[in-house]
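J.: The following file, structure00.cif, comprises mmCIF, C-alpha atoms and all ligand atoms:
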data_start
#
loop_
_atom_site.label_atom_id
_atom_site.label_comp_id
_atom_site.auth_asym_id
_atom_site.auth_seq_id
_atom_site.Cartn_x
_atom_site.Cartn_y
_atom_site.Cartn_z
CA MET A 9 -11.83 17.36 -1.71
CA ASP A 10 -15.21 17.83 -0.12
CA LYS A 11 -15.56 14.87 2.22
CA ARG A 12 -18.52 14.01 4.46
CA GLU A 13 -18.46 12.16 7.74
CA VAL A 14 -19.58 8.59 7.30
CA ALA A 15 -22.38 8.21 9.79
CA PRO A 16 -23.35 6.01 11.41
CA LEU A 17 -19.79 4.69 11.62
CA ALA A 18 -21.29 1.20 11.22
CA ASN A 19 -21.63 2.13 7.51
CA ALA A 20 -17.87 2.62 7.17
CA TYR A 21 -17.33 -1.01 6.12
CA ARG A 22 -19.05 -0.06 2.87
CA LEU A 23 -15.99 2.03 2.03
CA LEU A 24 -14.02 -1.20 1.78
CA ASN A 25 -16.53 -2.76 -0.61
CA PRO A 26 -15.82 -3.72 -3.34
CA GLY A 27 -12.33 -4.58 -2.21
CA CYS A 28 -10.13 -1.78 -3.46
CA VAL A 29 -6.38 -1.70 -3.28
CA VAL A 30 -5.51 0.91 -0.66
CA LEU A 31 -2.69 3.03 0.69
CA ILE A 32 -1.96 2.49 4.38
CA SER A 33 -0.48 5.52 6.13
CA VAL A 34 1.47 5.21 9.37
CA GLY A 35 3.30 7.70 11.57
CA ASP A 36 4.51 8.47 15.07
CA GLY A 37 4.02 12.24 15.05
CA THR A 38 7.58 12.86 13.84
CA ARG A 39 8.04 10.44 10.94
CA ASP A 40 5.44 8.87 8.69
CA ASN A 41 5.14 6.58 5.71
CA LEU A 42 2.80 5.04 3.14
CA PHE A 43 2.52 1.59 1.55
CA ALA A 44 0.13 -0.16 -0.83
CA VAL A 45 -2.07 -3.02 0.38
CA THR A 46 -4.22 -5.31 -1.74
CA TRP A 47 -5.09 -7.77 1.02
CA ASN A 48 -7.61 -5.80 3.03
CA MET A 49 -11.19 -6.38 4.06
CA PRO A 50 -13.98 -5.18 6.33
CA ALA A 51 -14.11 -7.37 9.45
CA LYS A 52 -17.03 -6.22 11.63
CA LYS A 53 -19.93 -3.77 11.40
CA GLU A 54 -20.38 -2.56 14.98
CA PRO A 55 -17.97 -1.48 16.20
CA GLY A 56 -16.59 -1.11 12.67
CA MET A 57 -13.47 -3.17 12.15
CA CYS A 58 -11.22 -3.84 9.20
CA ALA A 59 -8.23 -6.05 8.57
CA PHE A 60 -5.20 -6.22 6.32
CA LEU A 61 -2.06 -8.26 5.83
CA SER A 62 1.32 -6.63 6.34
CA SER A 63 4.71 -8.16 5.86
CA LYS A 64 6.82 -7.70 8.99
CA GLY A 65 9.71 -6.66 6.75
CA HIS A 66 8.09 -3.41 5.66
CA HIS A 67 9.56 -0.17 6.92
CA SER A 68 6.00 0.74 7.97
CA TYR A 69 5.52 -2.31 10.19
CA PRO A 70 7.27 -1.08 13.39
CA PHE A 71 5.20 2.12 13.23
CA ILE A 72 2.04 0.03 13.51
CA VAL A 73 3.48 -2.10 16.32
CA ASP A 74 4.66 0.96 18.29
CA THR A 75 1.79 3.42 17.74
CA ARG A 76 -1.02 0.88 17.23
CA GLU A 77 -2.51 3.31 14.72
CA PHE A 78 -2.88 3.39 10.95
CA ALA A 79 -5.11 4.93 8.30
CA ILE A 80 -6.57 3.29 5.22
CA ASN A 81 -6.67 5.64 2.23
CA ILE A 82 -8.78 4.63 -0.74
CA VAL A 83 -7.49 6.11 -3.95
CA ALA A 84 -9.28 6.29 -7.29
CA ALA A 85 -7.80 5.04 -10.57
CA ASP A 86 -6.10 8.33 -11.44
CA LEU A 87 -3.71 7.72 -8.52
CA ALA A 88 -2.66 4.24 -9.70
CA PRO A 89 0.93 5.34 -10.51
CA ALA A 90 1.32 6.93 -7.05
CA LEU A 91 -0.15 3.86 -5.36
CA TYR A 92 2.13 1.56 -7.32
CA GLY A 93 5.11 3.76 -6.47
CA CYS A 94 4.29 3.63 -2.74
CA GLY A 95 4.06 -0.15 -3.07
CA THR A 96 7.39 -0.64 -4.83
CA VAL A 97 9.64 1.88 -3.06
CA SER A 98 10.48 1.39 0.62
CA GLY A 99 10.48 4.17 3.17
CA ARG A 100 13.95 2.90 4.06
CA ASP A 101 15.20 4.31 0.75
CA GLU A 102 12.73 7.17 0.33
CA PRO A 103 11.97 9.03 3.57
CA ASP A 104 9.18 11.09 1.98
CA LYS A 105 6.98 9.06 -0.36
CA TRP A 106 4.30 11.75 -0.06
CA GLN A 107 6.46 14.31 -1.80
CA ARG A 108 7.93 11.80 -4.24
CA PHE A 109 4.47 10.70 -5.43
CA ALA A 110 2.77 14.13 -5.15
CA LEU A 111 0.46 13.23 -2.27
CA ASN A 112 -0.50 15.63 0.50
CA ARG A 113 -0.83 14.93 4.21
CA GLU A 114 -3.97 15.85 6.08
CA ALA A 115 -4.13 15.57 9.88
CA GLY A 116 -6.11 12.63 11.20
CA THR A 117 -9.03 13.56 13.42
CA GLN A 118 -8.68 10.64 15.89
CA ILE A 119 -5.12 9.44 15.36
CA ALA A 120 -1.66 11.01 15.05
CA VAL A 121 -1.21 9.39 11.64
CA PRO A 122 -1.70 11.70 8.64
CA VAL A 123 -4.21 10.70 5.94
CA VAL A 124 -3.92 11.20 2.18
CA ALA A 125 -5.78 14.34 1.12
CA GLU A 126 -6.19 13.14 -2.50
CA ALA A 127 -7.80 9.84 -1.45
CA VAL A 128 -11.55 9.53 -2.07
CA ALA A 129 -11.91 8.10 1.44
CA ASN A 130 -9.91 7.79 4.65
CA LEU A 131 -10.49 5.41 7.55
CA GLU A 132 -8.67 6.16 10.81
CA CYS A 133 -8.01 3.00 12.78
CA ARG A 134 -6.61 1.76 16.07
CA VAL A 135 -5.10 -1.72 16.24
CA ASN A 136 -7.37 -4.16 18.02
CA GLN A 137 -5.44 -7.37 17.39
CA MET A 138 -2.42 -8.55 15.47
CA VAL A 139 -2.40 -12.17 14.38
CA ASP A 140 1.10 -13.52 13.91
CA LEU A 141 1.47 -15.37 10.61
CA GLY A 142 5.22 -15.79 10.64
CA SER A 143 6.70 -13.37 8.11
CA SER A 144 3.51 -11.31 8.10
CA SER A 145 0.74 -10.21 10.45
CA LEU A 146 -2.97 -9.94 10.03
CA ILE A 147 -3.70 -6.53 11.51
CA ILE A 148 -7.24 -6.00 12.73
CA GLY A 149 -8.21 -2.42 13.48
CA GLU A 150 -11.19 -0.65 14.93
CA ILE A 151 -12.43 2.16 12.70
CA LEU A 152 -12.45 5.33 14.81
CA ALA A 153 -13.40 7.78 12.07
CA ALA A 154 -14.16 7.64 8.36
CA ARG A 155 -14.56 10.33 5.74
CA ALA A 156 -15.49 9.96 2.08
CA ASP A 157 -15.96 12.19 -0.95
CA ARG A 158 -19.61 13.23 -0.71
CA GLN A 159 -19.89 13.17 -4.53
CA HIS A 160 -19.19 9.46 -4.66
CA PHE A 161 -20.29 7.96 -1.35
CA ASP A 162 -23.69 8.14 0.34
CA ASP A 163 -25.56 6.21 3.04
CA ASN A 164 -25.91 3.24 0.68
CA GLY A 165 -22.22 3.06 -0.12
CA TRP A 166 -20.18 3.98 -3.19
CA ARG A 167 -22.01 5.56 -6.14
CA PHE A 168 -20.71 5.11 -9.66
CA ASP A 169 -22.96 7.58 -11.48
CA LYS A 170 -20.56 10.52 -11.27
CA GLY A 171 -17.43 9.10 -12.81
CA LEU A 172 -15.92 7.29 -9.82
CA ARG A 173 -13.36 4.66 -10.90
CA LEU A 174 -12.12 2.53 -8.02
CA LEU A 175 -8.91 0.58 -8.33
CA HIS A 176 -8.48 -3.18 -7.86
CA HIS A 177 -5.21 -5.06 -7.94
CA LEU A 178 -4.90 -8.11 -10.20
CA GLY A 179 -1.27 -8.81 -9.25
CA GLY A 180 2.08 -7.39 -10.32
CA LYS A 181 1.59 -4.25 -12.40
CA ARG A 182 -1.96 -5.18 -13.41
CA PHE A 183 -5.06 -3.44 -12.09
CA CYS A 184 -8.68 -3.17 -13.11
CA VAL A 185 -11.18 -0.47 -12.33
CA SER A 186 -14.80 -0.62 -11.23
CA GLY A 187 -17.05 2.10 -12.49
CA GLU A 188 -20.49 0.67 -13.15
CA GLU A 189 -23.25 -0.16 -10.72
CA LEU A 190 -25.72 -3.01 -11.11
CA THR A 191 -28.76 -3.63 -8.92
CA VAL A 192 -30.42 -7.04 -8.89
CA ARG A 193 -34.21 -7.26 -8.70
C1 LIG A 201 -0.32 -3.03 -5.76
C2 LIG A 201 0.43 -3.49 -4.55
C3 LIG A 201 -0.25 -4.16 -3.52
C4 LIG A 201 0.44 -4.58 -2.37
N1 LIG A 201 -0.25 -5.25 -1.39
C5 LIG A 201 0.39 -5.60 -0.24
C6 LIG A 201 -0.31 -6.25 0.82
O1 LIG A 201 -1.51 -6.53 0.73
N2 LIG A 201 0.37 -6.52 1.96
C7 LIG A 201 1.70 -6.23 2.10
O2 LIG A 201 2.28 -6.50 3.16
N3 LIG A 201 2.40 -5.63 1.10
C8 LIG A 201 1.78 -5.30 -0.05
N4 LIG A 201 2.47 -4.68 -1.06
C9 LIG A 201 3.91 -4.41 -0.89
C10 LIG A 201 4.21 -3.11 -0.11
O3 LIG A 201 3.31 -2.07 -0.42
C11 LIG A 201 5.65 -2.66 -0.48
O4 LIG A 201 6.57 -3.66 -0.14
C12 LIG A 201 6.03 -1.33 0.12
O5 LIG A 201 7.12 -0.82 -0.61
C13 LIG A 201 6.40 -1.39 1.60
O6 LIG A 201 6.74 -0.07 1.98
P1 LIG A 201 7.60 0.30 3.24
O7 LIG A 201 8.84 -0.60 3.28
O8 LIG A 201 7.97 1.75 3.02
O9 LIG A 201 6.72 0.11 4.43
C14 LIG A 201 1.84 -4.30 -2.24
C15 LIG A 201 2.51 -3.64 -3.28
C16 LIG A 201 1.82 -3.25 -4.43
C17 LIG A 201 2.57 -2.56 -5.54
#
Will you turn the file into structure tokens for me?
Ligand SMILES: Cc1cc2nc3c(=O)[nH]c(=O)nc-3n(C[C@H](O)[C@H](O)[C@H](O)COP(=O)(O)O)c2cc1C
T.:
Amino acid sequence: MDKREVAPLANAYRLLNPGCVVLISVGDGTRDNLFAVTWNMPAKKEPGMCAFLSSKGHHSYPFIVDTREFAINIVAADLAPALYGCGTVSGRDEPDKWQRFALNREAGTQIAVPVVAEAVANLECRVNQMVDLGSSSLIIGEILAARADRQHFDDNGWRFDKGLRLLHHLGGKRFCVSGEELTVR
């Protein structure tokens, strides 16, 4: 995929609009993992920050605690089955979700965590704060680097005129896709 740097990095929050379901990748340089996350959001423009909710029970959770790094990978609708698979199978039972769901690792530029090559965008993040919510944590990360498919993302954000279909989670096995842009006068 031909990705461009998102610059200035303050524009990277636009990658998380309009609220797509994402794949979070984690890793410690030796082992890595992926899981699906619906509850994510941009949190600050400069420095760029984002946030998501993670259950503490996930196999991925200790990676985030230990390395304080993660990547957000935004996948288009064609990868819905892979995303759903990564969100329903635990790394405890499947040590290589990448291979199982036909996803390829790409080295991160700022973090040791690999990013998903097939994703239309990748945000590399370092944990800034973790807010304890009991069985889950709100993880707030600073965006250190962001790359997006130059066909579908420009300085104004996502573009839907070249067939981009972003994926949104409605709950359970149900998703919807966004694919049309509307500008108000
Ligand atoms: C579509 C979808 C969205 C999900 N969203 C979240 C979420 O926002 N936060 C969360 O903690 N888990 C979420 N999950 C659950 C985890 O992705 C799932 O439990 C995953 O298997 C954990 O993987 P791991 O144990 O290998 O880390 C979601 C699952 C699916 C299928």
J.: Between A:Val34, A:Leu42, A:Ala84, A:Leu152, which is the closest to Ser186 (chain A) once you count all atoms listed in the file?
T.: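 Result for the nearest residue to Ser186 (chain A): A:Ala84.
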J.: Between A:Asn25, A:Asn130, A:Asn81, A:Ser98, which residue has the minimum interatomic distance to ligand LIG 201 (chain A), considering all atoms listed in the file?
T.: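 Distance minimum relative to ligand LIG 201 (chain A) lands on A:Ser98.
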J.: Residues within 10 Å of ligand LIG 201 (chain A) should be enumerated using only C-alpha atoms and all ligand atoms and returned as a CSV table (one decimal) with C-alpha atoms, in the frame of the given file.
T.:
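For reference, pocket-v7.csv as written:
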chain,number,residue,atom,x,y,z
A,29,VAL,CA,-6.4,-1.7,-3.3
A,30,VAL,CA,-5.5,0.9,-0.7
A,31,LEU,CA,-2.7,3.0,0.7
A,32,ILE,CA,-2.0,2.5,4.4
A,33,SER,CA,-0.5,5.5,6.1
A,34,VAL,CA,1.5,5.2,9.4
A,40,ASP,CA,5.4,8.9,8.7
A,41,ASN,CA,5.1,6.6,5.7
A,42,LEU,CA,2.8,5.0,3.1
A,43,PHE,CA,2.5,1.6,1.6
A,44,ALA,CA,0.1,-0.2,-0.8
A,45,VAL,CA,-2.1,-3.0,0.4
A,46,THR,CA,-4.2,-5.3,-1.7
A,47,TRP,CA,-5.1,-7.8,1.0
A,48,ASN,CA,-7.6,-5.8,3.0
A,60,PHE,CA,-5.2,-6.2,6.3
A,61,LEU,CA,-2.1,-8.3,5.8
A,62,SER,CA,1.3,-6.6,6.3
A,63,SER,CA,4.7,-8.2,5.9
A,64,LYS,CA,6.8,-7.7,9.0
A,65,GLY,CA,9.7,-6.7,6.8
A,66,HIS,CA,8.1,-3.4,5.7
A,67,HIS,CA,9.6,-0.2,6.9
A,68,SER,CA,6.0,0.7,8.0
A,69,TYR,CA,5.5,-2.3,10.2
A,70,PRO,CA,7.3,-1.1,13.4
A,71,PHE,CA,5.2,2.1,13.2
A,88,ALA,CA,-2.7,4.2,-9.7
A,89,PRO,CA,0.9,5.3,-10.5
A,90,ALA,CA,1.3,6.9,-7.0
A,91,LEU,CA,-0.2,3.9,-5.4
A,92,TYR,CA,2.1,1.6,-7.3
A,93,GLY,CA,5.1,3.8,-6.5
A,94,CYS,CA,4.3,3.6,-2.7
A,95,GLY,CA,4.1,-0.2,-3.1
A,96,THR,CA,7.4,-0.6,-4.8
A,97,VAL,CA,9.6,1.9,-3.1
A,98,SER,CA,10.5,1.4,0.6
A,99,GLY,CA,10.5,4.2,3.2
A,100,ARG,CA,14.0,2.9,4.1
A,101,ASP,CA,15.2,4.3,0.8
A,102,GLU,CA,12.7,7.2,0.3
A,103,PRO,CA,12.0,9.0,3.6
A,104,ASP,CA,9.2,11.1,2.0
A,105,LYS,CA,7.0,9.1,-0.4
A,143,SER,CA,6.7,-13.4,8.1
A,144,SER,CA,3.5,-11.3,8.1
A,145,SER,CA,0.7,-10.2,10.4
A,146,LEU,CA,-3.0,-9.9,10.0
A,175,LEU,CA,-8.9,0.6,-8.3
A,176,HIS,CA,-8.5,-3.2,-7.9
A,177,HIS,CA,-5.2,-5.1,-7.9
A,178,LEU,CA,-4.9,-8.1,-10.2
A,179,GLY,CA,-1.3,-8.8,-9.2
A,180,GLY,CA,2.1,-7.4,-10.3
A,181,LYS,CA,1.6,-4.2,-12.4
A,182,ARG,CA,-2.0,-5.2,-13.4
A,183,PHE,CA,-5.1,-3.4,-12.1
J.: Which value, in Å to one decimal, gives the distance between CA of Ala127 (chain A) and CA of Asp36 (chain A)?
T.: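 Answer for the CA of Ala127 (chain A) to CA of Asp36 (chain A) separation: 20.6 Å.
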J.: Work out how far CA of Asn19 (chain A) is from CA of Lys52 (chain A), in Å to one decimal.
T.: 10.4 Å
J.: Nearest residue to Lys53 (chain A) out of A:Ile72, A:Leu23, A:Met138, A:Trp166, using all atoms listed in the file?
T.: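 Nearest to Lys53 (chain A): A:Leu23.
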J.: Pick out the residues sitting within 7 Å of Ala153 (chain A), and hand them over as JSON, numbers by chain; count all atoms listed in the file, and ignore anything fewer than 5 positions along from it in its own chain.
T.: {"A": [118, 131, 132]}
J.: With all atoms listed in the file as the atoms that count, which of A:Leu111, A:Val128, A:Val121, A:Val139 lies nearest to Phe161 (chain A)?
T.: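 Checking each candidate against Phe161 (chain A), we get A:Val128 as the closest.
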J.: For Asp169 (chain A), find every residue with an atom within 9 Å (counting all atoms listed in the file), except residues of its own chain fewer than 3 positions away, and show them as an MDAnalysis selection string.
T.: chainID A and resid 160 172 187:189
J.: Can you pull out the residues contacting Tyr21 (chain A)? Cut-off 8 Å, using all atoms listed in the file, and skip same-chain residues under 3 positions away; I want them as a list in words.
T.: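 The residues that qualify are Ala18, Leu24, Asn25, Pro50, Ala51, Lys52, Lys53, Gly56, Met57 and Cys58 of chain A.
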J.: May I ask which of the residues A:Ala120, A:Met9, A:Glu126, A:Val14 is the closest one to Asp86 (chain A), counting all atoms listed in the file?
T.: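 Smallest separation from Asp86 (chain A) among the options: A:Glu126.
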J.: Nearest residue to Phe78 (chain A) out of A:Arg158, A:Arg108, A:Lys11, A:Arg134, using all atoms listed in the file?
T.: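 Under the stated criterion, the closest residue is A:Arg134.
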J.: Could you rebuild region 42-57 of chain A with N, CA and C atoms and give me the result as a PDB file, in the coordinates of the input?
T.:
ATOM      1  N   LEU A  42       3.951   5.551   3.890  1.00  0.00           N
ATOM      2  CA  LEU A  42       2.800   5.040   3.140  1.00  0.00           C
ATOM      3  C   LEU A  42       3.200   3.723   2.476  1.00  0.00           C
ATOM      4  N   PHE A  43       2.265   2.771   2.397  1.00  0.00           N
ATOM      5  CA  PHE A  43       2.520   1.590   1.550  1.00  0.00           C
ATOM      6  C   PHE A  43       1.204   1.066   0.989  1.00  0.00           C
ATOM      7  N   ALA A  44       1.313   0.358  -0.136  1.00  0.00           N
ATOM      8  CA  ALA A  44       0.130  -0.160  -0.830  1.00  0.00           C
ATOM      9  C   ALA A  44      -0.275  -1.501  -0.234  1.00  0.00           C
ATOM     10  N   VAL A  45      -1.564  -1.749  -0.145  1.00  0.00           N
ATOM     11  CA  VAL A  45      -2.070  -3.020   0.380  1.00  0.00           C
ATOM     12  C   VAL A  45      -3.276  -3.505  -0.435  1.00  0.00           C
ATOM     13  N   THR A  46      -3.118  -4.668  -1.011  1.00  0.00           N
ATOM     14  CA  THR A  46      -4.220  -5.310  -1.740  1.00  0.00           C
ATOM     15  C   THR A  46      -5.070  -6.167  -0.804  1.00  0.00           C
ATOM     16  N   TRP A  47      -4.399  -6.811   0.156  1.00  0.00           N
ATOM     17  CA  TRP A  47      -5.090  -7.770   1.020  1.00  0.00           C
ATOM     18  C   TRP A  47      -5.717  -7.056   2.205  1.00  0.00           C
ATOM     19  N   ASN A  48      -6.876  -6.503   1.970  1.00  0.00           N
ATOM     20  CA  ASN A  48      -7.610  -5.800   3.030  1.00  0.00           C
ATOM     21  C   ASN A  48      -9.076  -6.172   2.945  1.00  0.00           C
ATOM     22  N   MET A  49      -9.761  -6.003   4.038  1.00  0.00           N
ATOM     23  CA  MET A  49     -11.190  -6.380   4.060  1.00  0.00           C
ATOM     24  C   MET A  49     -11.904  -5.724   5.242  1.00  0.00           C
ATOM     25  N   PRO A  50     -13.222  -5.537   5.135  1.00  0.00           N
ATOM     26  CA  PRO A  50     -13.980  -5.180   6.330  1.00  0.00           C
ATOM     27  C   PRO A  50     -14.054  -6.412   7.224  1.00  0.00           C
ATOM     28  N   ALA A  51     -14.135  -6.219   8.552  1.00  0.00           N
ATOM     29  CA  ALA A  51     -14.110  -7.370   9.450  1.00  0.00           C
ATOM     30  C   ALA A  51     -15.277  -7.384  10.436  1.00  0.00           C
ATOM     31  N   LYS A  52     -15.897  -6.253  10.703  1.00  0.00           N
ATOM     32  CA  LYS A  52     -17.030  -6.220  11.630  1.00  0.00           C
ATOM     33  C   LYS A  52     -17.785  -4.905  11.402  1.00  0.00           C
ATOM     34  N   LYS A  53     -19.133  -4.974  11.621  1.00  0.00           N
ATOM     35  CA  LYS A  53     -19.930  -3.770  11.400  1.00  0.00           C
ATOM     36  C   LYS A  53     -19.949  -2.841  12.606  1.00  0.00           C
ATOM     37  N   GLU A  54     -20.279  -3.394  13.786  1.00  0.00           N
ATOM     38  CA  GLU A  54     -20.380  -2.560  14.980  1.00  0.00           C
ATOM     39  C   GLU A  54     -19.730  -3.198  16.172  1.00  0.00           C
ATOM     40  N   PRO A  55     -18.648  -2.649  16.746  1.00  0.00           N
ATOM     41  CA  PRO A  55     -17.970  -1.480  16.200  1.00  0.00           C
ATOM     42  C   PRO A  55     -17.290  -1.836  14.874  1.00  0.00           C
ATOM     43  N   GLY A  56     -17.172  -0.876  13.991  1.00  0.00           N
ATOM     44  CA  GLY A  56     -16.590  -1.110  12.670  1.00  0.00           C
ATOM     45  C   GLY A  56     -15.144  -1.564  12.798  1.00  0.00           C
ATOM     46  N   MET A  57     -14.840  -2.652  12.137  1.00  0.00           N
ATOM     47  CA  MET A  57     -13.470  -3.170  12.150  1.00  0.00           C
ATOM     48  C   MET A  57     -13.043  -3.496  10.726  1.00  0.00           C
TER      49      MET A  57
END
